[in-house]
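**Student:** See target_27.txt below, with compact mmCIF, C-alpha atoms.
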```
# COMPACT_ATOMS: atom_id res chain seq x y z
CA MET F 177 132.42 35.04 -182.25
CA MET F 178 134.05 37.11 -179.50
CA ASN F 179 135.95 39.18 -182.08
CA THR F 180 132.72 39.89 -183.97
CA LEU F 181 130.92 41.08 -180.82
CA LEU F 182 133.96 43.11 -179.83
CA SER F 183 134.10 44.76 -183.27
CA VAL F 184 130.39 45.64 -183.17
CA SER F 185 130.65 47.15 -179.68
CA ILE F 186 133.79 49.14 -180.55
CA ALA F 187 132.14 50.42 -183.74
CA LEU F 188 129.03 51.58 -181.87
CA LEU F 189 131.00 53.18 -179.02
CA ALA F 190 133.37 54.96 -181.40
CA GLY F 191 130.47 56.31 -183.44
CA LEU F 192 128.55 57.58 -180.44
CA LEU F 193 131.61 59.22 -178.86
CA MET F 194 132.45 60.90 -182.15
CA THR F 195 128.99 62.50 -182.28
CA ARG F 196 129.79 64.14 -178.92
CA ALA F 197 133.21 65.30 -180.12
CA PHE F 198 131.62 66.82 -183.25
CA LYS F 199 128.66 68.42 -181.47
CA PRO F 200 130.31 71.90 -181.27
CA PHE F 201 130.70 71.82 -185.08
CA LYS F 202 126.99 71.00 -185.56
CA LEU F 203 127.74 68.26 -188.09
CA PRO F 204 125.20 65.52 -188.89
CA ASP F 205 125.62 62.30 -186.90
CA VAL F 206 126.17 60.42 -190.18
CA THR F 207 129.38 62.34 -190.82
CA ALA F 208 130.58 61.67 -187.25
CA TYR F 209 129.91 57.93 -187.65
CA LEU F 210 131.81 57.82 -190.94
CA ILE F 211 134.83 59.67 -189.52
CA ALA F 212 134.79 57.33 -186.50
CA GLY F 213 134.93 54.41 -188.94
CA VAL F 214 137.88 55.93 -190.79
CA LEU F 215 139.73 56.49 -187.49
CA ILE F 216 139.28 52.92 -186.18
CA GLY F 217 139.76 51.47 -189.67
CA PRO F 218 142.77 49.65 -191.15
CA TYR F 219 144.53 52.89 -192.19
CA CYS F 220 144.52 54.59 -188.76
CA VAL F 221 144.13 52.99 -185.32
CA GLY F 222 143.60 49.57 -186.87
CA ALA F 223 147.07 49.75 -188.42
CA LEU F 224 148.53 49.41 -184.90
CA GLY F 225 147.30 45.82 -184.88
CA ILE F 226 146.03 46.00 -181.29
CA GLU F 227 143.11 43.60 -180.85
CA GLY F 228 139.95 45.40 -179.76
CA LEU F 229 141.04 48.92 -180.66
CA GLY F 230 139.87 48.90 -184.24
CA PHE F 231 139.75 47.00 -187.52
CA ALA F 232 143.24 45.68 -188.25
CA SER F 233 142.44 44.72 -191.86
CA MET F 234 139.80 44.99 -194.55
CA GLU F 235 138.99 41.33 -193.87
CA ALA F 236 137.99 42.31 -190.32
CA VAL F 237 135.68 44.98 -191.73
CA GLU F 238 134.20 42.62 -194.32
CA ALA F 239 133.47 40.11 -191.54
CA LEU F 240 130.70 42.48 -190.43
CA GLY F 241 129.20 42.58 -193.92
CA LEU F 242 126.04 40.84 -192.65
CA VAL F 243 125.37 43.79 -190.31
CA ALA F 244 125.59 46.15 -193.28
CA ASP F 245 123.23 43.99 -195.36
CA VAL F 246 120.63 43.89 -192.59
CA ALA F 247 120.94 47.64 -191.96
CA LEU F 248 120.40 48.41 -195.65
CA GLY F 249 117.35 46.16 -195.59
CA PHE F 250 115.79 48.16 -192.74
CA ILE F 251 116.71 51.44 -194.46
CA ALA F 252 114.98 50.31 -197.65
CA PHE F 253 111.98 49.06 -195.63
CA SER F 254 111.65 52.48 -194.00
CA ILE F 255 111.97 54.35 -197.31
CA GLY F 256 109.35 52.06 -198.84
CA SER F 257 106.84 53.42 -196.34
CA GLU F 258 107.10 56.78 -198.14
CA PHE F 259 105.17 55.30 -201.07
CA ARG F 260 101.76 55.66 -199.46
CA LEU F 261 99.05 55.96 -202.10
CA ASP F 262 97.54 59.06 -200.50
CA ASP F 263 100.89 60.86 -200.75
CA LEU F 264 101.68 59.51 -204.22
CA LYS F 265 98.46 61.01 -205.55
CA LYS F 266 99.96 64.40 -204.68
CA THR F 267 103.64 63.92 -205.54
CA GLY F 268 103.80 60.65 -207.49
CA LYS F 269 104.12 62.20 -210.96
CA GLN F 270 106.74 64.71 -209.80
CA ALA F 271 108.80 62.03 -208.00
CA PHE F 272 108.62 59.70 -211.02
CA VAL F 273 109.73 62.33 -213.55
CA ILE F 274 112.45 63.87 -211.36
CA GLY F 275 113.76 60.46 -210.25
CA ILE F 276 114.34 59.37 -213.84
CA VAL F 277 115.55 62.67 -215.31
CA GLN F 278 118.13 63.53 -212.62
CA ALA F 279 119.63 60.01 -212.83
CA LEU F 280 119.93 60.09 -216.63
CA VAL F 281 121.34 63.64 -216.69
CA ALA F 282 123.98 62.65 -214.10
CA THR F 283 125.01 59.74 -216.34
CA LEU F 284 125.16 62.00 -219.41
CA PHE F 285 127.29 64.65 -217.65
CA VAL F 286 129.76 62.09 -216.29
CA ASP F 287 129.99 60.23 -219.60
CA LEU F 288 130.77 63.42 -221.57
CA ALA F 289 133.28 64.69 -218.99
CA LEU F 290 135.11 61.36 -218.77
CA LEU F 291 135.08 61.04 -222.56
CA ALA F 292 137.11 64.27 -222.66
CA VAL F 293 139.48 62.75 -220.07
CA HIS F 294 139.77 59.65 -222.28
CA PHE F 295 140.93 61.74 -225.24
CA ILE F 296 143.53 63.43 -223.00
CA MET F 297 144.68 60.24 -221.23
CA PRO F 298 143.57 57.25 -223.33
CA GLU F 299 146.10 54.98 -221.59
CA LYS F 300 144.50 55.71 -218.18
CA LEU F 301 140.78 55.58 -218.96
CA SER F 302 139.13 53.45 -221.64
CA VAL F 303 135.68 53.91 -223.21
CA PRO F 304 134.20 50.80 -221.49
CA GLN F 305 135.45 52.10 -218.14
CA LEU F 306 133.95 55.56 -218.58
CA ILE F 307 130.61 54.07 -219.68
CA VAL F 308 130.44 52.03 -216.46
CA LEU F 309 131.45 55.01 -214.30
CA GLY F 310 128.69 57.07 -215.94
CA ALA F 311 126.17 54.40 -214.97
CA ILE F 312 127.45 54.25 -211.37
CA ALA F 313 126.89 58.03 -211.17
CA THR F 314 123.11 57.43 -211.10
CA ALA F 315 123.17 55.87 -207.63
CA THR F 316 122.51 57.86 -204.47
CA ALA F 317 122.86 56.88 -200.79
CA PRO F 318 119.39 56.38 -199.29
CA ALA F 319 120.91 55.57 -195.90
CA ALA F 320 122.67 58.90 -195.44
CA THR F 321 119.66 60.87 -196.66
CA LEU F 322 117.27 59.01 -194.36
CA MET F 323 119.55 59.47 -191.34
CA VAL F 324 119.76 63.24 -191.86
CA VAL F 325 115.99 63.49 -192.26
CA ARG F 326 115.42 61.49 -189.07
CA GLN F 327 118.05 63.24 -186.96
CA TYR F 328 116.76 66.73 -187.69
CA LYS F 329 113.09 65.70 -188.02
CA ALA F 330 112.96 67.37 -191.43
CA ASP F 331 109.43 67.81 -192.76
CA GLY F 332 107.89 69.68 -195.66
CA PRO F 333 107.29 69.47 -199.43
CA LEU F 334 110.99 68.91 -200.24
CA THR F 335 111.40 66.08 -197.72
CA LYS F 336 108.16 64.40 -198.83
CA LEU F 337 109.38 64.46 -202.44
CA LEU F 338 113.00 63.56 -201.64
CA LEU F 339 112.55 60.11 -200.10
CA PRO F 340 110.44 58.62 -202.95
CA ILE F 341 112.95 60.06 -205.45
CA VAL F 342 115.85 58.42 -203.61
CA ALA F 343 114.00 55.11 -203.68
CA LEU F 344 113.14 55.41 -207.39
CA ASP F 345 116.67 56.55 -208.15
CA ASP F 346 118.09 53.17 -207.17
CA ALA F 347 115.66 51.33 -209.43
CA VAL F 348 116.62 53.60 -212.35
CA GLY F 349 120.28 53.18 -211.44
CA LEU F 350 120.04 49.38 -211.60
CA ILE F 351 118.57 49.54 -215.11
CA VAL F 352 121.08 52.11 -216.40
CA PHE F 353 123.98 50.19 -214.86
CA ALA F 354 122.88 46.82 -216.27
CA VAL F 355 122.48 48.24 -219.79
CA SER F 356 125.73 50.26 -219.65
CA PHE F 357 127.66 47.32 -218.19
CA GLY F 358 126.36 45.08 -220.95
CA ILE F 359 127.43 47.62 -223.61
CA ALA F 360 130.86 47.96 -222.00
CA LYS F 361 131.37 44.18 -222.01
CA THR F 362 130.28 44.10 -225.66
CA LEU F 363 132.93 46.72 -226.55
CA ILE F 364 135.59 44.61 -224.81
CA SER F 365 134.60 41.19 -226.15
CA GLY F 366 133.09 42.24 -229.48
CA GLN F 367 130.05 39.99 -228.86
CA VAL F 368 126.55 41.38 -228.39
CA ASP F 369 124.72 39.73 -225.45
CA LEU F 370 121.11 40.92 -225.35
CA ILE F 371 120.34 38.66 -222.40
CA SER F 372 122.79 40.44 -220.08
CA ILE F 373 121.97 43.90 -221.50
CA ILE F 374 118.16 43.70 -221.43
CA LEU F 375 116.65 40.49 -220.03
CA ASN F 376 118.72 39.99 -216.84
CA PRO F 377 118.20 43.53 -215.45
CA PHE F 378 114.50 43.36 -216.36
CA MET F 379 114.13 40.03 -214.54
CA GLU F 380 116.03 41.35 -211.48
CA ILE F 381 113.68 44.31 -211.09
CA VAL F 382 110.48 42.31 -211.74
CA CYS F 383 111.50 39.47 -209.41
CA SER F 384 112.60 41.90 -206.69
CA LEU F 385 109.29 43.79 -206.78
CA ALA F 386 107.31 40.52 -206.84
CA LEU F 387 109.20 39.04 -203.87
CA GLY F 388 108.83 42.27 -201.88
CA ALA F 389 105.08 42.42 -202.62
CA ILE F 390 104.57 38.81 -201.50
CA MET F 391 106.52 39.37 -198.27
CA GLY F 392 104.57 42.59 -197.60
CA TRP F 393 101.27 40.71 -197.93
CA ILE F 394 102.53 37.90 -195.67
CA LEU F 395 103.67 40.41 -193.04
CA THR F 396 100.25 42.08 -193.03
CA GLN F 397 98.45 38.74 -192.58
CA LEU F 398 100.78 37.65 -189.76
CA GLU F 399 100.33 40.98 -187.94
CA LYS F 400 96.61 40.18 -187.62
CA MET F 401 97.43 37.17 -185.42
CA PHE F 402 98.82 39.35 -182.61
CA HIS F 403 97.30 41.99 -180.36
CA SER F 404 100.41 42.98 -178.43
CA ASN F 405 102.47 45.81 -179.93
CA THR F 406 105.63 44.04 -178.72
CA ASN F 407 104.76 40.86 -180.62
CA ARG F 408 103.78 42.85 -183.70
CA LEU F 409 107.14 44.63 -183.59
CA ASN F 410 108.93 41.29 -183.24
CA MET F 411 107.01 39.95 -186.23
CA THR F 412 107.89 43.03 -188.30
CA LEU F 413 111.60 42.68 -187.50
CA ALA F 414 111.54 38.93 -188.21
CA LEU F 415 109.96 39.46 -191.64
CA VAL F 416 112.51 42.13 -192.59
CA PHE F 417 115.34 39.77 -191.59
CA LEU F 418 113.71 36.97 -193.61
CA THR F 419 113.22 39.24 -196.62
CA VAL F 420 116.88 40.32 -196.56
CA ALA F 421 117.90 36.64 -196.45
CA LEU F 422 115.63 35.66 -199.36
CA SER F 423 116.91 38.58 -201.46
CA MET F 424 120.38 36.99 -201.38
CA LEU F 425 119.15 34.02 -203.44
CA LYS F 426 120.61 33.58 -206.92
CA PHE F 427 119.86 30.94 -209.54
CA GLU F 428 119.87 30.41 -213.29
CA ILE F 429 117.20 29.26 -215.72
CA GLY F 430 119.08 28.36 -218.87
CA PRO F 431 121.02 31.45 -219.99
CA VAL F 432 118.90 33.77 -217.80
CA HIS F 433 120.42 34.81 -214.47
CA ILE F 434 117.84 35.37 -211.71
CA SER F 435 118.90 37.54 -208.77
CA PHE F 436 117.34 40.10 -206.46
CA SER F 437 118.15 43.62 -205.32
CA SER F 438 117.77 43.66 -201.53
CA LEU F 439 117.06 47.40 -201.69
CA LEU F 440 114.16 46.99 -204.12
CA VAL F 441 112.79 43.92 -202.33
CA CYS F 442 112.74 45.63 -198.93
CA MET F 443 111.38 48.87 -200.40
CA MET F 444 108.47 46.96 -201.91
CA LEU F 445 107.98 45.13 -198.60
CA GLY F 446 107.62 48.50 -196.86
CA THR F 447 105.40 49.90 -199.62
CA ILE F 448 102.90 47.03 -199.57
CA PHE F 449 102.89 46.84 -195.78
CA CYS F 450 102.23 50.56 -195.27
CA ASN F 451 99.40 50.59 -197.83
CA ILE F 452 97.39 47.52 -196.74
CA CYS F 453 98.09 47.23 -193.00
CA PRO F 454 96.10 49.70 -190.84
CA LEU F 455 98.71 49.44 -188.05
CA SER F 456 101.68 50.07 -190.31
CA GLU F 457 102.39 53.66 -189.28
CA ASP F 458 102.74 52.73 -185.61
CA MET F 459 104.83 49.65 -186.41
CA MET F 460 107.16 51.60 -188.72
CA GLY F 461 107.77 54.15 -185.97
CA ARG F 462 108.60 51.42 -183.45
CA SER F 463 110.95 49.59 -185.82
CA ASP F 464 112.75 52.86 -186.64
CA LYS F 465 113.59 53.29 -182.94
CA TRP F 466 114.81 49.70 -182.67
CA THR F 467 117.13 50.03 -185.66
CA SER F 468 118.87 53.24 -184.54
CA PRO F 469 121.99 51.50 -183.08
CA LEU F 470 122.08 49.15 -186.08
CA LEU F 471 122.30 52.11 -188.47
CA ALA F 472 125.02 53.72 -186.34
CA VAL F 473 127.13 50.56 -186.62
CA PHE F 474 126.41 50.44 -190.36
CA PHE F 475 127.83 53.91 -190.96
CA VAL F 476 130.91 53.25 -188.81
CA ILE F 477 131.56 50.10 -190.85
CA SER F 478 131.05 52.12 -194.04
CA GLY F 479 133.69 54.59 -192.86
CA ALA F 480 136.12 51.78 -192.06
CA GLU F 481 135.62 50.37 -195.58
CA LEU F 482 136.85 53.57 -197.23
CA GLU F 483 140.30 52.87 -198.65
CA LEU F 484 142.56 55.85 -198.07
CA SER F 485 145.20 54.24 -200.30
CA VAL F 486 143.38 55.60 -203.38
CA PHE F 487 145.00 58.99 -202.67
CA ALA F 488 148.37 57.51 -203.61
CA ASP F 489 147.59 57.53 -207.36
CA ILE F 490 147.37 61.07 -208.77
CA ALA F 491 145.60 59.86 -211.93
CA ILE F 492 142.81 58.27 -209.88
CA VAL F 493 142.45 61.44 -207.80
CA GLY F 494 142.26 63.56 -210.97
CA ILE F 495 139.67 61.34 -212.66
CA GLY F 496 137.81 61.10 -209.35
CA VAL F 497 137.60 64.88 -209.05
CA VAL F 498 136.15 65.11 -212.57
CA TYR F 499 133.66 62.35 -211.71
CA ILE F 500 132.59 64.08 -208.48
CA ILE F 501 132.16 67.55 -210.00
CA PHE F 502 130.21 66.46 -213.06
CA ARG F 503 128.04 63.98 -211.17
CA CYS F 504 127.06 66.80 -208.79
CA LEU F 505 126.35 69.10 -211.75
CA GLY F 506 124.26 66.39 -213.41
CA LYS F 507 122.27 65.67 -210.25
CA TYR F 508 121.68 69.37 -209.56
CA PHE F 509 120.67 70.48 -213.04
CA GLY F 510 118.74 67.26 -213.74
CA ALA F 511 116.69 67.81 -210.58
CA PHE F 512 116.35 71.56 -211.23
CA ILE F 513 115.11 71.19 -214.81
CA SER F 514 112.70 68.33 -214.08
CA ALA F 515 111.38 70.05 -210.92
CA LYS F 516 110.73 73.19 -212.95
CA GLY F 517 109.03 71.13 -215.64
CA THR F 518 106.71 69.45 -213.11
CA LYS F 519 105.86 72.83 -211.51
CA CYS F 520 107.46 72.21 -208.12
CA ALA F 521 107.80 75.00 -205.57
CA PRO F 522 110.85 77.30 -206.02
CA GLN F 523 112.62 75.98 -202.90
CA ILE F 524 112.32 72.41 -204.24
CA CYS F 525 113.77 73.42 -207.61
CA LYS F 526 116.64 75.21 -205.89
CA TYR F 527 117.65 72.71 -203.21
CA LEU F 528 116.50 69.23 -204.29
CA GLY F 529 119.57 68.50 -206.40
CA VAL F 530 121.94 69.13 -203.48
CA THR F 531 120.18 66.51 -201.35
CA LEU F 532 120.93 63.88 -204.03
CA PHE F 533 124.74 64.22 -203.82
CA PRO F 534 125.51 61.46 -201.23
CA GLN F 535 126.64 58.15 -202.72
CA ALA F 536 127.70 54.91 -201.04
CA GLY F 537 126.48 51.31 -200.81
CA VAL F 538 124.63 50.92 -204.12
CA ALA F 539 127.58 52.37 -206.05
CA LEU F 540 130.00 50.03 -204.26
CA GLY F 541 127.70 47.11 -205.04
CA MET F 542 127.89 48.01 -208.72
CA CYS F 543 131.70 48.08 -208.40
CA SER F 544 131.75 44.56 -206.99
CA ILE F 545 129.80 43.32 -210.04
CA VAL F 546 132.40 44.92 -212.32
CA GLY F 547 135.25 43.46 -210.27
CA SER F 548 133.86 39.92 -210.58
CA SER F 549 133.49 40.22 -214.36
CA ALA F 550 135.95 38.13 -216.39
CA GLU F 551 135.74 40.57 -219.34
CA PHE F 552 136.93 43.56 -217.30
CA GLY F 553 139.74 41.89 -215.36
CA ASP F 554 142.21 44.51 -214.07
CA ALA F 555 140.20 47.33 -215.69
CA GLY F 556 137.65 46.86 -212.92
CA THR F 557 140.23 47.90 -210.31
CA LEU F 558 140.40 51.43 -211.71
CA ILE F 559 136.61 51.74 -211.61
CA ARG F 560 136.54 50.54 -208.00
CA ASN F 561 139.29 52.94 -206.88
CA ILE F 562 137.67 55.97 -208.54
CA THR F 563 134.31 55.07 -207.01
CA LEU F 564 135.92 54.56 -203.59
CA PHE F 565 137.55 57.99 -203.81
CA ALA F 566 134.23 59.58 -204.79
CA VAL F 567 132.33 57.75 -202.04
CA LEU F 568 134.86 58.95 -199.47
CA ILE F 569 134.26 62.58 -200.47
CA TYR F 570 130.49 62.22 -200.90
CA GLU F 571 129.95 60.43 -197.60
CA LEU F 572 131.97 62.92 -195.58
CA PHE F 573 130.48 66.06 -197.11
CA GLY F 574 127.19 64.86 -198.64
CA PRO F 575 125.17 64.57 -195.37
CA LEU F 576 126.32 68.05 -194.32
CA MET F 577 125.22 69.50 -197.67
CA THR F 578 121.90 67.66 -197.40
CA ARG F 579 121.31 69.18 -193.98
CA GLN F 580 122.20 72.66 -195.23
CA ALA F 581 119.86 72.31 -198.20
CA LEU F 582 116.96 71.17 -195.99
CA MET F 583 117.64 74.03 -193.59
CA ALA F 584 117.75 76.56 -196.43
CA ALA F 585 114.44 75.18 -197.70
CA GLY F 586 112.97 75.77 -194.23
CA GLU F 587 112.31 72.07 -193.54
CA ILE F 588 114.68 71.72 -190.58
CA LYS F 589 113.41 73.93 -187.81
CA PRO F 590 115.87 75.28 -185.22
CA MET F 591 115.14 74.23 -181.66
CA SER F 592 112.64 76.66 -180.19
CA LYS F 593 113.62 78.84 -177.25
CA GLU F 594 110.93 77.18 -175.17
CA VAL F 595 112.39 73.70 -175.77
CA GLN F 596 115.91 74.94 -175.02
CA GLU F 597 114.75 76.49 -171.74
CA ARG F 598 112.87 73.32 -170.77
CA ARG F 599 115.97 71.18 -171.41
CA GLN F 600 118.15 73.57 -169.45
CA THR F 601 115.71 73.52 -166.52
CA LYS F 602 115.71 69.71 -166.45
CA LEU F 603 119.50 69.66 -166.51
CA GLU F 604 119.72 72.12 -163.61
CA GLU F 605 117.15 70.15 -161.59
CA ALA F 606 119.13 66.94 -162.12
CA GLN F 607 122.34 68.63 -161.01
CA LYS F 608 120.65 70.02 -157.86
CA ALA F 609 119.21 66.59 -157.02
CA LYS F 610 122.63 65.01 -157.40
CA ALA F 611 124.24 67.72 -155.22
CA ALA F 612 121.56 67.20 -152.55
CA LYS F 613 122.30 63.45 -152.40
CA ASN F 614 126.01 64.13 -151.95
```
Rewrite the structure of this file - the entire thing - as structure tokens.

**Tutor:**
Amino acid sequence: MMNTLLSVSIALLAGLLMTRAFKPFKLPDVTAYLIAGVLIGPYCVGALGIEGLGFASMEAVEALGLVADVALGFIAFSIGSEFRLDDLKKTGKQAFVIGIVQALVATLFVDLALLAVHFIMPEKLSVPQLIVLGAIATATAPAATLMVVRQYKADGPLTKLLLPIVALDDAVGLIVFAVSFGIAKTLISGQVDLISIILNPFMEIVCSLALGAIMGWILTQLEKMFHSNTNRLNMTLALVFLTVALSMLKFEIGPVHISFSSLLVCMMLGTIFCNICPLSEDMMGRSDKWTSPLLAVFFVISGAELELSVFADIAIVGIGVVYIIFRCLGKYFGAFISAKGTKCAPQICKYLGVTLFPQAGVALGMCSIVGSSAEFGDAGTLIRNITLFAVLIYELFGPLMTRQALMAAGEIKPMSKEVQERRQTKLEEAQKAKAAKN
């Protein structure tokens, strides 16, 4: 217990101090948190084996997996609030079309590029492996995107369209991955399994949305019992924790495997809550403030999880570079074409694709499914290592590119001169008061 608390406190302190160290470079806080995680992780400070200075092993990082699960639940809950019916009437069709098209184009680009790699190096990359990697390419990182939007208070047409697309992207990604994974297993085993290819992913999405809707309705009814904002906030947090816990349930009905996606469940919880509870906007704002340190710890843990050992294999680096380049091209051109087709503003067409580059937790979750598959065996290790390499690059540079794209689109406003002068005046007054006391 003491080690867990120590690890959490070290992670939070390291992340916060790194944001100060990186302030002159004007990098997003997300990037600073991730680099802090890498530095205190098993491949840097943690390798010294000094208790309390960092994570000495991957097991120590994985011990904080519950923190990451809870943080992702709150991230999904917050993104779900972007699906307000009033806003969807304006951007719903655009978000739906772009969310599907950019995901499928990314898969197509990666599949074709890796197929070329397969013909060049068939002993390194098999067809089932490239099919799975193409499916993993659909996933984006809602956490990194949301953090950048919050930090810089981004607002405008691009931001309003971006968050629903990121949410929809993960739903599309789950379907594409389940179908592609089923096809890949069929190629390996030679047996067609329609249940795993079609029925299981369909049931996961339907059950996740149903559970999230039920929990959203329950949360709204419970909120009516309290008049204190503090108690309402406590109830909101309790229901998100409960929803994350319930989304971990797994069971089987005959040959059908029933499981839930915590991201989809918590997104639907947020969606239902924000559409039927009149106090939802205030409660969402309060919960966002409460979860700030939790998200900081989450990103530091994510940085510590990045395995730097993947750089040791040149083949993995080479395939990873191809994966990264063509996934970015697929995301960019998929978003550009679909945004043009749905008559979005020019700045949305130009910059939306760049904001979809980050990739992290959902992709790693897909990797863990591949790794636990008996059909893939050792072939799953290659997929995991390539994805880890890509995630390392995407997480370090993706938030920065997202910030630059939002700034170029005019949705991140520079601090006004008036605000800067007011802050400077307060700082000078505090220094004078301190000098007067001394």

**Student:** Excluding same-chain residues fewer than 2 positions from F:Pro218, what lies within 7 Å of it counting only C-alpha atoms, as a compact mmCIF listing (two decimals) with C-alpha atoms, in the frame of the given file?

**Tutor:**
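Dumped everything to result_29.txt:
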```txt
# COMPACT_ATOMS: atom_id res chain seq x y z
CA ILE F 216 139.28 52.92 -186.18
CA CYS F 220 144.52 54.59 -188.76
CA VAL F 221 144.13 52.99 -185.32
CA GLY F 222 143.60 49.57 -186.87
CA ALA F 223 147.07 49.75 -188.42
CA PHE F 231 139.75 47.00 -187.52
CA ALA F 232 143.24 45.68 -188.25
CA SER F 233 142.44 44.72 -191.86
CA MET F 234 139.80 44.99 -194.55
```

**Student:** Please tell me which residues are no farther than 12 Å from (114.0, 71.4, -197.1) in the file, counting all atoms listed in the file, and write them as an mmCIF file with C-alpha atoms, in the coordinates of the input.

**Tutor:**
```
data_model
loop_
_atom_site.group_PDB
_atom_site.id
_atom_site.type_symbol
_atom_site.label_atom_id
_atom_site.label_comp_id
_atom_site.auth_asym_id
_atom_site.auth_seq_id
_atom_site.Cartn_x
_atom_site.Cartn_y
_atom_site.Cartn_z
ATOM 1 C CA THR F 321 119.660 60.870 -196.660
ATOM 2 C CA VAL F 324 119.760 63.240 -191.860
ATOM 3 C CA VAL F 325 115.990 63.490 -192.260
ATOM 4 C CA TYR F 328 116.760 66.730 -187.690
ATOM 5 C CA LYS F 329 113.090 65.700 -188.020
ATOM 6 C CA ALA F 330 112.960 67.370 -191.430
ATOM 7 C CA ASP F 331 109.430 67.810 -192.760
ATOM 8 C CA GLY F 332 107.890 69.680 -195.660
ATOM 9 C CA PRO F 333 107.290 69.470 -199.430
ATOM 10 C CA LEU F 334 110.990 68.910 -200.240
ATOM 11 C CA THR F 335 111.400 66.080 -197.720
ATOM 12 C CA LYS F 336 108.160 64.400 -198.830
ATOM 13 C CA LEU F 337 109.380 64.460 -202.440
ATOM 14 C CA LEU F 338 113.000 63.560 -201.640
ATOM 15 C CA LEU F 339 112.550 60.110 -200.100
ATOM 16 C CA ALA F 521 107.800 75.000 -205.570
ATOM 17 C CA PRO F 522 110.850 77.300 -206.020
ATOM 18 C CA GLN F 523 112.620 75.980 -202.900
ATOM 19 C CA ILE F 524 112.320 72.410 -204.240
ATOM 20 C CA CYS F 525 113.770 73.420 -207.610
ATOM 21 C CA LYS F 526 116.640 75.210 -205.890
ATOM 22 C CA TYR F 527 117.650 72.710 -203.210
ATOM 23 C CA LEU F 528 116.500 69.230 -204.290
ATOM 24 C CA GLY F 529 119.570 68.500 -206.400
ATOM 25 C CA VAL F 530 121.940 69.130 -203.480
ATOM 26 C CA THR F 531 120.180 66.510 -201.350
ATOM 27 C CA MET F 577 125.220 69.500 -197.670
ATOM 28 C CA THR F 578 121.900 67.660 -197.400
ATOM 29 C CA ARG F 579 121.310 69.180 -193.980
ATOM 30 C CA GLN F 580 122.200 72.660 -195.230
ATOM 31 C CA ALA F 581 119.860 72.310 -198.200
ATOM 32 C CA LEU F 582 116.960 71.170 -195.990
ATOM 33 C CA MET F 583 117.640 74.030 -193.590
ATOM 34 C CA ALA F 584 117.750 76.560 -196.430
ATOM 35 C CA ALA F 585 114.440 75.180 -197.700
ATOM 36 C CA GLY F 586 112.970 75.770 -194.230
ATOM 37 C CA GLU F 587 112.310 72.070 -193.540
ATOM 38 C CA ILE F 588 114.680 71.720 -190.580
ATOM 39 C CA LYS F 589 113.410 73.930 -187.810
#
```

**Student:** Between atom CA of F:Ala187 and atom CA of F:Val420, measure the distance and give it in Å to one decimal.

**Tutor:** 22.3 Å

**Student:** In Å to one decimal, how far is atom CA of F:Ile211 from atom CA of F:Leu572?

**Tutor:**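 These two atoms are separated by 7.4 Å.
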
**Student:** For each of F:Arg326, F:Arg260, F:Ser356, F:Ala252, take the minimum atom-to-atom distance to F:Leu309, counting all atoms listed in the file, then give the residue where this is smallest.

**Tutor:**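 Closest to F:Leu309, using all atoms listed in the file: F:Ser356.
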
**Student:** Report as a ChimeraX atom specification all protein, DNA and RNA residues lying within 7 Å of stretch 564-569 of chain F, evaluated on all atoms listed in the file, omitting residues in the same chain fewer than 5 positions from it.

**Tutor:** /F:482-483,486,496,500,535-536

**Student:** To one decimal in Å, tell me the separation between atom CA of F:Lys269 and atom CA of F:Ile255.

**Tutor:**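 According to the coordinates, atom CA of F:Lys269 and atom CA of F:Ile255 are separated by 17.6 Å.
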
**Student:** Which polymer residues have any atom within 9 Å of an atom of stretch 409-415 of chain F, counting only C-alpha atoms, with same-chain residues fewer than 2 positions away left out, as a list in words?

**Tutor:**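 The contact residues come out as Phe250, Met391, Gly392, Ile394, Leu395, Leu398, Glu399, Phe402, Ser404, Asn405, Thr406, Asn407, Phe417, Leu418, Thr419, Val420, Met459, Met460, Arg462 and Ser463 of chain F.
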
**Student:** Can stretch 570-576 of chain F be brought up to N, CA and C atoms and written out as a PDB file, in the coordinates of the input?

**Tutor:**
```pdb
ATOM      1  N   TYR F 570     131.946  62.048-200.996  1.00  0.00           N
ATOM      2  CA  TYR F 570     130.490  62.220-200.900  1.00  0.00           C
ATOM      3  C   TYR F 570     129.963  61.914-199.507  1.00  0.00           C
ATOM      4  N   GLU F 571     130.473  60.838-198.895  1.00  0.00           N
ATOM      5  CA  GLU F 571     129.950  60.430-197.600  1.00  0.00           C
ATOM      6  C   GLU F 571     130.354  61.387-196.487  1.00  0.00           C
ATOM      7  N   LEU F 572     131.525  61.996-196.611  1.00  0.00           N
ATOM      8  CA  LEU F 572     131.970  62.920-195.580  1.00  0.00           C
ATOM      9  C   LEU F 572     131.281  64.281-195.686  1.00  0.00           C
ATOM     10  N   PHE F 573     131.037  64.726-196.916  1.00  0.00           N
ATOM     11  CA  PHE F 573     130.480  66.060-197.110  1.00  0.00           C
ATOM     12  C   PHE F 573     129.006  66.059-197.548  1.00  0.00           C
ATOM     13  N   GLY F 574     128.555  64.941-198.140  1.00  0.00           N
ATOM     14  CA  GLY F 574     127.190  64.860-198.640  1.00  0.00           C
ATOM     15  C   GLY F 574     126.119  65.073-197.572  1.00  0.00           C
ATOM     16  N   PRO F 575     126.194  64.359-196.411  1.00  0.00           N
ATOM     17  CA  PRO F 575     125.170  64.570-195.370  1.00  0.00           C
ATOM     18  C   PRO F 575     125.122  66.010-194.879  1.00  0.00           C
ATOM     19  N   LEU F 576     126.292  66.646-194.761  1.00  0.00           N
ATOM     20  CA  LEU F 576     126.320  68.050-194.320  1.00  0.00           C
ATOM     21  C   LEU F 576     125.613  68.947-195.341  1.00  0.00           C
TER      22      LEU F 576
END
```
